[in-house]
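Chemist: My structure is in final_39.cif, and what it holds is mmCIF, C-alpha atoms:
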```cif
data_data
#
loop_
_atom_site.group_PDB
_atom_site.id
_atom_site.type_symbol
_atom_site.label_atom_id
_atom_site.label_comp_id
_atom_site.auth_asym_id
_atom_site.auth_seq_id
_atom_site.Cartn_x
_atom_site.Cartn_y
_atom_site.Cartn_z
ATOM 1 C CA MET A 64 -19.680 -18.917 -20.389
ATOM 2 C CA LYS A 65 -19.789 -18.878 -16.622
ATOM 3 C CA VAL A 66 -16.407 -19.077 -14.936
ATOM 4 C CA ARG A 67 -15.557 -19.205 -11.270
ATOM 5 C CA ILE A 68 -12.267 -17.857 -9.965
ATOM 6 C CA HIS A 69 -11.307 -19.171 -6.545
ATOM 7 C CA VAL A 70 -8.773 -16.891 -4.885
ATOM 8 C CA SER A 71 -7.076 -18.207 -1.751
ATOM 9 C CA LEU A 72 -4.179 -17.162 0.437
ATOM 10 C CA LYS A 73 -0.925 -18.961 -0.267
ATOM 11 C CA PRO A 74 0.100 -21.561 2.282
ATOM 12 C CA GLY A 75 2.200 -19.965 4.986
ATOM 13 C CA VAL A 76 0.555 -16.558 4.681
ATOM 14 C CA LEU A 77 -1.077 -15.736 8.000
ATOM 15 C CA ASP A 78 -4.846 -15.292 7.719
ATOM 16 C CA PRO A 79 -6.029 -13.157 10.654
ATOM 17 C CA GLN A 80 -9.636 -13.275 9.428
ATOM 18 C CA GLY A 81 -9.579 -17.049 9.262
ATOM 19 C CA ARG A 82 -8.086 -17.217 12.734
ATOM 20 C CA ALA A 83 -10.822 -14.969 14.155
ATOM 21 C CA VAL A 84 -13.536 -17.065 12.482
ATOM 22 C CA HIS A 85 -11.861 -20.201 13.817
ATOM 23 C CA HIS A 86 -12.094 -18.811 17.355
ATOM 24 C CA ALA A 87 -15.723 -17.826 16.772
ATOM 25 C CA LEU A 88 -16.610 -21.347 15.629
ATOM 26 C CA GLU A 89 -14.991 -22.756 18.759
ATOM 27 C CA GLY A 90 -16.917 -20.175 20.785
ATOM 28 C CA LEU A 91 -20.138 -21.537 19.304
ATOM 29 C CA GLY A 92 -19.190 -24.975 20.582
ATOM 30 C CA PHE A 93 -18.066 -26.587 17.296
ATOM 31 C CA GLU A 94 -15.285 -29.003 18.060
ATOM 32 C CA GLY A 95 -12.595 -30.479 15.885
ATOM 33 C CA VAL A 96 -12.106 -27.466 13.619
ATOM 34 C CA ARG A 97 -8.404 -27.624 12.811
ATOM 35 C CA ASP A 98 -7.991 -24.538 10.655
ATOM 36 C CA VAL A 99 -9.970 -21.863 8.823
ATOM 37 C CA ARG A 100 -8.699 -20.046 5.738
ATOM 38 C CA ILE A 101 -10.816 -17.403 4.071
ATOM 39 C CA GLY A 102 -10.681 -16.826 0.333
ATOM 40 C CA ARG A 103 -12.732 -15.136 -2.332
ATOM 41 C CA LEU A 104 -15.011 -16.476 -5.050
ATOM 42 C CA ILE A 105 -15.346 -14.362 -8.188
ATOM 43 C CA GLU A 106 -18.003 -15.378 -10.711
ATOM 44 C CA LEU A 107 -17.467 -14.168 -14.262
ATOM 45 C CA ASP A 108 -19.730 -14.380 -17.272
ATOM 46 C CA VAL A 109 -17.446 -14.132 -20.287
ATOM 47 C CA ALA A 110 -17.666 -14.663 -24.054
ATOM 48 C CA ASP A 111 -17.625 -18.362 -24.912
ATOM 49 C CA ASP A 112 -14.414 -18.040 -26.911
ATOM 50 C CA THR A 113 -12.478 -16.507 -23.986
ATOM 51 C CA SER A 114 -9.233 -18.470 -23.816
ATOM 52 C CA ASP A 115 -7.701 -19.962 -20.713
ATOM 53 C CA ALA A 116 -4.689 -17.740 -21.320
ATOM 54 C CA THR A 117 -6.920 -14.656 -21.147
ATOM 55 C CA LEU A 118 -8.544 -15.884 -17.932
ATOM 56 C CA ASP A 119 -5.081 -16.486 -16.493
ATOM 57 C CA GLU A 120 -4.089 -12.964 -17.429
ATOM 58 C CA MET A 121 -7.199 -11.525 -15.739
ATOM 59 C CA CYS A 122 -6.253 -13.347 -12.551
ATOM 60 C CA ARG A 123 -2.615 -12.304 -12.613
ATOM 61 C CA LYS A 124 -3.251 -8.682 -13.551
ATOM 62 C CA LEU A 125 -6.105 -7.938 -11.183
ATOM 63 C CA LEU A 126 -8.226 -10.645 -9.588
ATOM 64 C CA ALA A 127 -5.461 -12.181 -7.465
ATOM 65 C CA ASN A 128 -2.406 -10.607 -5.861
ATOM 66 C CA MET A 129 0.297 -13.105 -6.716
ATOM 67 C CA VAL A 130 2.442 -11.977 -3.777
ATOM 68 C CA ILE A 131 0.021 -13.453 -1.272
ATOM 69 C CA GLU A 132 -2.666 -15.334 -3.192
ATOM 70 C CA ASN A 133 -3.184 -18.324 -5.438
ATOM 71 C CA TYR A 134 -6.071 -18.701 -7.826
ATOM 72 C CA ARG A 135 -7.929 -21.594 -9.431
ATOM 73 C CA ILE A 136 -10.130 -21.260 -12.495
ATOM 74 C CA GLU A 137 -13.246 -23.412 -12.554
ATOM 75 C CA LYS A 138 -15.667 -23.765 -15.455
ATOM 76 C CA PRO A 139 -18.746 -25.254 -13.780
ATOM 77 C CA GLU A 140 -20.495 -26.547 -16.942
ATOM 78 C CA LEU A 141 -17.383 -28.474 -17.894
ATOM 79 C CA VAL A 142 -16.849 -29.772 -14.373
ATOM 80 C CA SER A 143 -20.320 -31.153 -13.666
ATOM 81 C CA MET B 292 11.382 28.278 -5.179
ATOM 82 C CA SER B 293 9.757 26.363 -7.962
ATOM 83 C CA PHE B 294 8.673 23.084 -6.487
ATOM 84 C CA ARG B 295 6.194 21.317 -8.736
ATOM 85 C CA SER B 296 4.288 18.589 -6.978
ATOM 86 C CA ALA B 297 1.066 16.681 -7.570
ATOM 87 C CA VAL B 298 -1.311 14.959 -5.189
ATOM 88 C CA ILE B 299 -3.492 12.279 -6.762
ATOM 89 C CA THR B 300 -7.079 11.921 -5.593
ATOM 90 C CA PHE B 301 -8.872 8.616 -6.084
ATOM 91 C CA PRO B 302 -12.563 8.143 -5.322
ATOM 92 C CA GLY B 303 -12.437 7.412 -1.589
ATOM 93 C CA SER B 304 -9.140 9.175 -0.859
ATOM 94 C CA ASN B 305 -9.523 11.172 2.345
ATOM 95 C CA CYS B 306 -6.033 12.409 3.217
ATOM 96 C CA ASP B 307 -5.390 14.149 -0.094
ATOM 97 C CA ARG B 308 -6.113 17.595 1.316
ATOM 98 C CA ASP B 309 -3.936 17.000 4.400
ATOM 99 C CA LEU B 310 -1.075 15.918 2.152
ATOM 100 C CA ALA B 311 -1.550 18.935 -0.125
ATOM 101 C CA VAL B 312 -1.572 21.280 2.891
ATOM 102 C CA ALA B 313 1.608 19.699 4.277
ATOM 103 C CA LEU B 314 3.398 20.046 0.931
ATOM 104 C CA GLU B 315 2.266 23.636 0.573
ATOM 105 C CA GLN B 316 3.257 24.562 4.129
ATOM 106 C CA VAL B 317 6.743 23.181 3.742
ATOM 107 C CA SER B 318 7.427 24.185 0.128
ATOM 108 C CA GLY B 319 5.393 27.374 -0.087
ATOM 109 C CA VAL B 320 3.860 26.158 -3.343
ATOM 110 C CA ALA B 321 0.439 24.528 -3.632
ATOM 111 C CA PRO B 322 0.572 21.098 -5.314
ATOM 112 C CA HIS B 323 -1.381 20.325 -8.447
ATOM 113 C CA ARG B 324 -4.452 18.289 -7.596
ATOM 114 C CA VAL B 325 -4.893 15.413 -10.038
ATOM 115 C CA TRP B 326 -7.959 13.184 -10.426
ATOM 116 C CA HIS B 327 -7.622 9.410 -10.800
ATOM 117 C CA GLY B 328 -9.368 9.442 -14.186
ATOM 118 C CA ASP B 329 -6.868 11.863 -15.703
ATOM 119 C CA ALA B 330 -4.539 10.186 -18.175
ATOM 120 C CA GLU B 331 -1.698 12.661 -17.792
ATOM 121 C CA LEU B 332 0.246 14.324 -15.015
ATOM 122 C CA PRO B 333 1.290 17.988 -15.109
ATOM 123 C CA ASP B 334 4.637 18.576 -16.854
ATOM 124 C CA ARG B 335 8.020 18.683 -15.100
ATOM 125 C CA LEU B 336 6.891 17.348 -11.753
ATOM 126 C CA ASP B 337 9.391 17.200 -8.882
ATOM 127 C CA PHE B 338 7.235 15.070 -6.610
ATOM 128 C CA ILE B 339 4.089 12.924 -6.656
ATOM 129 C CA GLY B 340 2.045 12.094 -3.560
ATOM 130 C CA LEU B 341 -0.443 9.239 -3.265
ATOM 131 C CA PRO B 342 -2.646 9.949 -0.241
ATOM 132 C CA GLY B 343 -4.315 7.829 2.382
ATOM 133 C CA GLY B 344 -7.958 6.864 2.401
ATOM 134 C CA PHE B 345 -10.126 4.065 1.094
ATOM 135 C CA SER B 346 -9.803 4.318 -2.665
ATOM 136 C CA TYR B 347 -12.656 2.532 -4.440
ATOM 137 C CA GLY B 348 -13.983 1.461 -1.058
ATOM 138 C CA ASP B 349 -11.110 -1.021 -0.719
ATOM 139 C CA TYR B 350 -12.977 -3.217 -3.224
ATOM 140 C CA LEU B 351 -11.214 -6.480 -4.140
ATOM 141 C CA ARG B 352 -8.082 -5.573 -2.102
ATOM 142 C CA SER B 353 -6.932 -2.272 -0.605
ATOM 143 C CA GLY B 354 -5.349 -0.249 -3.387
ATOM 144 C CA ALA B 355 -6.057 -2.850 -6.075
ATOM 145 C CA MET B 356 -8.520 -0.820 -8.115
ATOM 146 C CA ALA B 357 -6.649 2.474 -7.731
ATOM 147 C CA ALA B 358 -3.451 0.794 -8.934
ATOM 148 C CA ARG B 359 -5.195 0.080 -12.267
ATOM 149 C CA SER B 360 -6.781 3.516 -12.669
ATOM 150 C CA PRO B 361 -5.796 5.642 -15.704
ATOM 151 C CA ILE B 362 -3.530 8.070 -13.826
ATOM 152 C CA MET B 363 -1.419 5.258 -12.349
ATOM 153 C CA GLN B 364 0.041 4.416 -15.752
ATOM 154 C CA ALA B 365 1.395 7.975 -15.828
ATOM 155 C CA VAL B 366 2.640 7.654 -12.220
ATOM 156 C CA ILE B 367 4.432 4.394 -13.048
ATOM 157 C CA GLU B 368 6.094 6.038 -16.057
ATOM 158 C CA ALA B 369 7.103 9.081 -14.000
ATOM 159 C CA ALA B 370 8.531 6.855 -11.263
ATOM 160 C CA GLY B 371 10.487 5.032 -13.968
ATOM 161 C CA ARG B 372 12.019 8.362 -14.985
ATOM 162 C CA GLY B 373 13.071 8.925 -11.364
ATOM 163 C CA VAL B 374 10.340 11.349 -10.272
ATOM 164 C CA PRO B 375 10.023 10.837 -6.493
ATOM 165 C CA VAL B 376 6.778 9.221 -5.389
ATOM 166 C CA LEU B 377 5.526 9.107 -1.801
ATOM 167 C CA GLY B 378 2.631 6.770 -0.971
ATOM 168 C CA ILE B 379 1.106 7.113 2.476
ATOM 169 C CA CYS B 380 -1.194 4.464 3.970
ATOM 170 C CA ASN B 381 -3.623 3.672 1.136
ATOM 171 C CA GLY B 382 -0.992 5.238 -1.120
ATOM 172 C CA PHE B 383 1.487 2.562 0.079
ATOM 173 C CA GLN B 384 -1.105 -0.110 -0.683
ATOM 174 C CA VAL B 385 -1.544 1.357 -4.180
ATOM 175 C CA LEU B 386 2.240 1.342 -4.747
ATOM 176 C CA THR B 387 2.535 -2.360 -3.867
ATOM 177 C CA GLU B 388 -0.504 -3.248 -5.970
ATOM 178 C CA ALA B 389 0.972 -1.276 -8.884
ATOM 179 C CA GLY B 390 4.246 -3.183 -8.562
ATOM 180 C CA LEU B 391 6.308 -0.077 -7.755
ATOM 181 C CA LEU B 392 7.182 -1.581 -4.373
ATOM 182 C CA PRO B 393 7.495 -5.267 -3.431
ATOM 183 C CA GLY B 394 5.245 -7.134 -1.009
ATOM 184 C CA ALA B 395 1.648 -6.643 0.017
ATOM 185 C CA LEU B 396 -0.321 -5.047 2.860
ATOM 186 C CA MET B 397 -2.692 -7.445 4.539
ATOM 187 C CA ARG B 398 -5.357 -7.176 7.220
ATOM 188 C CA ASN B 399 -3.874 -6.173 10.604
ATOM 189 C CA ALA B 400 -2.980 -9.251 12.626
ATOM 190 C CA VAL B 401 -5.085 -7.912 15.492
ATOM 191 C CA GLN B 402 -8.106 -7.654 13.152
ATOM 192 C CA THR B 403 -9.006 -4.188 14.409
ATOM 193 C CA PHE B 404 -8.543 -0.787 12.854
ATOM 194 C CA ILE B 405 -5.504 0.838 14.509
ATOM 195 C CA SER B 406 -5.582 4.603 15.007
ATOM 196 C CA ARG B 407 -2.922 5.997 17.308
ATOM 197 C CA GLU B 408 0.477 7.625 17.428
ATOM 198 C CA VAL B 409 3.291 5.081 17.202
ATOM 199 C CA PRO B 410 7.034 5.309 17.756
ATOM 200 C CA LEU B 411 9.065 4.594 14.639
ATOM 201 C CA LYS B 412 12.754 3.995 14.152
ATOM 202 C CA VAL B 413 14.269 5.755 11.168
ATOM 203 C CA GLU B 414 16.325 2.966 9.588
ATOM 204 C CA THR B 415 18.174 4.984 6.983
ATOM 205 C CA SER B 416 18.939 8.612 6.354
ATOM 206 C CA GLN B 417 20.264 7.690 2.902
ATOM 207 C CA SER B 418 17.225 8.683 0.876
ATOM 208 C CA LEU B 419 15.755 11.935 -0.298
ATOM 209 C CA PHE B 420 12.785 11.340 2.006
ATOM 210 C CA THR B 421 14.776 10.582 5.153
ATOM 211 C CA SER B 422 17.936 12.692 4.839
ATOM 212 C CA GLY B 423 16.550 15.132 7.408
ATOM 213 C CA TYR B 424 16.567 12.414 10.070
ATOM 214 C CA GLU B 425 19.404 10.607 11.782
ATOM 215 C CA ALA B 426 19.589 6.863 11.179
ATOM 216 C CA GLY B 427 18.421 5.183 14.376
ATOM 217 C CA GLN B 428 16.392 8.211 15.465
ATOM 218 C CA THR B 429 13.005 7.585 17.085
ATOM 219 C CA ILE B 430 10.088 9.635 15.778
ATOM 220 C CA ARG B 431 6.391 9.611 16.639
ATOM 221 C CA ILE B 432 3.832 9.652 13.837
ATOM 222 C CA PRO B 433 0.181 8.529 13.793
ATOM 223 C CA VAL B 434 -1.099 5.438 12.042
ATOM 224 C CA ALA B 435 -4.730 4.898 11.018
ATOM 225 C CA HIS B 436 -5.339 1.720 9.063
ATOM 226 C CA HIS B 437 -6.981 -1.671 8.880
ATOM 227 C CA ASP B 438 -4.693 -3.203 6.263
ATOM 228 C CA GLY B 439 -1.164 -2.304 7.261
ATOM 229 C CA ASN B 440 0.282 -5.725 7.923
ATOM 230 C CA TYR B 441 3.299 -5.766 5.604
ATOM 231 C CA PHE B 442 4.011 -9.119 4.016
ATOM 232 C CA ALA B 443 6.803 -10.243 1.709
ATOM 233 C CA ASP B 444 8.640 -13.548 1.417
ATOM 234 C CA GLU B 445 11.859 -14.029 3.390
ATOM 235 C CA GLU B 446 14.058 -13.578 0.329
ATOM 236 C CA THR B 447 12.445 -10.220 -0.465
ATOM 237 C CA LEU B 448 12.697 -9.116 3.172
ATOM 238 C CA ASP B 449 16.386 -10.039 3.264
ATOM 239 C CA ARG B 450 16.976 -8.103 0.062
ATOM 240 C CA LEU B 451 15.156 -5.025 1.404
ATOM 241 C CA GLU B 452 17.225 -5.122 4.591
ATOM 242 C CA GLY B 453 20.487 -5.812 2.757
ATOM 243 C CA GLU B 454 19.977 -2.932 0.351
ATOM 244 C CA GLY B 455 19.038 -0.468 3.088
ATOM 245 C CA ARG B 456 15.535 -0.132 1.738
ATOM 246 C CA VAL B 457 13.664 -0.418 5.027
ATOM 247 C CA ALA B 458 12.970 3.256 5.761
ATOM 248 C CA PHE B 459 10.957 2.994 8.981
ATOM 249 C CA ARG B 460 10.259 0.271 11.523
ATOM 250 C CA TYR B 461 7.638 0.151 14.286
ATOM 251 C CA LEU B 462 9.174 0.264 17.747
ATOM 252 C CA GLU B 463 6.129 -1.329 19.358
ATOM 253 C CA THR B 464 3.732 -4.067 18.335
ATOM 254 C CA CYS B 465 1.458 -2.536 15.752
ATOM 255 C CA ASN B 466 -0.173 -4.456 12.934
ATOM 256 C CA GLY B 467 1.733 -7.722 12.579
ATOM 257 C CA SER B 468 4.058 -6.498 9.807
ATOM 258 C CA ARG B 469 6.928 -8.784 8.929
ATOM 259 C CA ARG B 470 10.032 -7.552 10.755
ATOM 260 C CA ASP B 471 7.983 -4.580 12.017
ATOM 261 C CA ILE B 472 8.363 -2.829 8.688
ATOM 262 C CA ALA B 473 6.469 0.465 8.487
ATOM 263 C CA GLY B 474 7.920 1.899 5.289
ATOM 264 C CA ILE B 475 10.090 0.768 2.375
ATOM 265 C CA LEU B 476 11.976 2.285 -0.553
ATOM 266 C CA ASN B 477 12.313 1.093 -4.135
ATOM 267 C CA GLU B 478 15.701 0.116 -5.651
ATOM 268 C CA THR B 479 16.627 3.705 -6.474
ATOM 269 C CA GLY B 480 15.352 5.191 -3.224
ATOM 270 C CA THR B 481 12.993 7.472 -5.121
ATOM 271 C CA VAL B 482 9.729 5.716 -4.234
ATOM 272 C CA LEU B 483 8.716 5.511 -0.568
ATOM 273 C CA GLY B 484 5.660 3.713 0.756
ATOM 274 C CA MET B 485 4.757 3.982 4.435
ATOM 275 C CA MET B 486 1.709 3.219 6.550
ATOM 276 C CA PRO B 487 2.180 6.006 9.157
ATOM 277 C CA HIS B 488 0.938 9.484 8.229
ATOM 278 C CA PRO B 489 3.744 12.089 8.234
ATOM 279 C CA GLU B 490 1.281 14.700 6.904
ATOM 280 C CA ARG B 491 -0.565 14.401 10.222
ATOM 281 C CA ALA B 492 2.549 15.362 12.185
ATOM 282 C CA VAL B 493 3.610 18.651 10.634
ATOM 283 C CA GLU B 494 2.173 21.456 12.780
ATOM 284 C CA PRO B 495 2.473 21.833 16.590
ATOM 285 C CA GLU B 496 -1.326 21.533 16.803
ATOM 286 C CA HIS B 497 -1.006 17.985 15.475
ATOM 287 C CA GLY B 498 0.700 16.940 18.690
ATOM 288 C CA SER B 499 3.872 15.889 16.886
ATOM 289 C CA THR B 500 5.903 17.629 14.198
ATOM 290 C CA ASP B 501 8.104 14.614 13.528
ATOM 291 C CA GLY B 502 6.690 14.161 10.018
ATOM 292 C CA ARG B 503 7.759 17.594 8.864
ATOM 293 C CA ALA B 504 11.394 16.610 8.303
ATOM 294 C CA LEU B 505 10.278 14.067 5.712
ATOM 295 C CA PHE B 506 8.725 16.763 3.541
ATOM 296 C CA GLU B 507 11.605 19.149 4.232
ATOM 297 C CA SER B 508 14.148 16.494 3.232
ATOM 298 C CA ALA B 509 12.361 15.765 -0.016
ATOM 299 C CA ILE B 510 11.704 19.384 -0.927
ATOM 300 C CA ASN B 511 15.194 20.631 -0.023
ATOM 301 C CA SER B 512 16.988 17.871 -1.906
ATOM 302 C CA LEU B 513 14.799 18.356 -4.957
ATOM 303 C CA VAL B 514 15.004 22.127 -5.050
ATOM 304 C CA ARG B 515 18.764 22.061 -4.567
ATOM 305 C CA ALA B 516 19.184 19.433 -7.277
#
```
Just give me the structure as structure tokens.

Modeler:
Amino acid sequence: MKVRIHVSLKPGVLDPQGRAVHHALEGLGFEGVRDVRIGRLIELDVADDTSDATLDEMCRKLLANMVIENYRIEKPELVS
Amino acid sequence: MSFRSAVITFPGSNCDRDLAVALEQVSGVAPHRVWHGDAELPDRLDFIGLPGGFSYGDYLRSGAMAARSPIMQAVIEAAGRGVPVLGICNGFQVLTEAGLLPGALMRNAVQTFISREVPLKVETSQSLFTSGYEAGQTIRIPVAHHDGNYFADEETLDRLEGEGRVAFRYLETCNGSRRDIAGILNETGTVLGMMPHPERAVEPEHGSTDGRALFESAINSLVRA
């Protein structure tokens, strides 16, 4: 089973990378960009019987740092 | 003097030797060198040092992989028994990722790697690491990091301040850290994480010897105890 873990910074946590990319986009002449936040996409291929609870645990124990990040678990074959 | 210390080396650590030399110079006893894949620490340790560097290439997040390496379970247990643990730079990142210290260290607000000597204010002399300083004293110690921007929520920051657990604060704009925090202690004052490198300010040739008192404080209080 393919699973995607979207890790993003919590709202309110300053994202210096996003801010630099925002400035770069403006430098390239793109207008109307209000904000840029950079996250991380982790693609897993796990056993089909892997439970949501186990995926949650993977995120909390390692894949995301719950002090600064949120995560969202996406199962593409179920979504599409 | 029988001072038993250990310096942990992770793949990608690069200040482990400097830290070992500093501990040996001040204590007269060479630390045990421990590899990240070891499951056990030497017996009866008085002190554990987590060095700076780029453990596991900073994969995922700085310190994240090292915090889950086999030896860290033993470090967490030792810290729980009250064995003093000092994490410098990447070692600080490992301590937050391992949950031994609150908060997280994010990319510097200025985006660039910062490598220079910075003035620090010693916020408390009430810890085994800082008893050799005066509270309020200014010291100069080098920093060298890309991810030193300390973040914690306001409630956690208030608690750290209220409990006297901010050990060092930057006296000039550095990396964007909340409340200019450069180093923090755990609840019992026996775990210290700091971004600046005291092991690089021990000998006159380093340009500053302001870091030496940190090792002297720790070693003297532990040997006396």

Chemist: Just the number, please: distance in Å from atom CA of B:Asp501 to atom CA of B:His488, one decimal.

Modeler: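 The value is 10.3 Å.
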
Chemist: Starting from the displayed file, determine the output of the PyMOL selection byres ((chain B) within 12 of (chain A)) and express the residue list as a PyMOL selection string.

Modeler: chain B and resi 350-360+384+387-390+392-403+437-438+440-445+447+466-469

Chemist: Might you pull out every residue within 10 Å of A:Gly81, with only C-alpha atoms counted and same-chain residues fewer than 3 positions away left off, and present them as a ChimeraX atom specification?

Modeler: /A:77-78,84-87,98-102

Chemist: Find the residue from A:Glu106, A:Asp112, A:Glu132, A:Glu120 that sits nearest to A:Arg67; use all atoms listed in the file when measuring.

Modeler: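 That would be A:Glu106, the residue with the smallest distance to A:Arg67.
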
Chemist: Work out how far apart atom CA of B:Phe338 and atom CA of B:Arg295 are and give it in Å to one decimal.

Modeler: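 Computing the Euclidean distance for atom CA of B:Phe338 and atom CA of B:Arg295 yields 6.7 Å.
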
Chemist: Which residue out of A:Glu140, A:Leu72, A:Gly95, A:Arg135 has the minimum interatomic distance to A:Asp111 when only C-alpha atoms are used?

Modeler: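 Nearest candidate to A:Asp111 out of A:Glu140, A:Leu72, A:Gly95, A:Arg135: A:Glu140.
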
Chemist: Mind giving me the straight-line distance from atom CA of B:Gln364 to atom CA of A:Lys73 in Å, one decimal?

Modeler: 28.1 Å

Chemist: Using the chain letters and numbers from the file, which residues does the PyMOL selection byres ((chain B and resi 502) around 8) grab, as an MDAnalysis selection string?

Modeler: chainID B and resid 432 488:493 499:501 503:506

Chemist: Using the chain letters and numbering of this document, enumerate as number ranges by chain the residues selected by the PyMOL selection byres ((chain B and resi 342) around 9).

Modeler: B: 298-301, 304-310, 340-341, 343-344, 377-383

Chemist: Give me, as number ranges by chain, all polymer residues having an atom no more than 6 Å from stretch 404-414 of chain B, counting all atoms listed in the file and skipping those fewer than 6 positions away in the same chain.

Modeler: B: 426-437, 458-462

Chemist: Compare A:Pro139, A:Phe93, A:Ala116, A:Tyr134 by their minimum atom-to-atom distance to A:Val70, counting only C-alpha atoms, and give me the closest one.

Modeler: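 Checking each candidate against A:Val70, we get A:Tyr134 as the closest.
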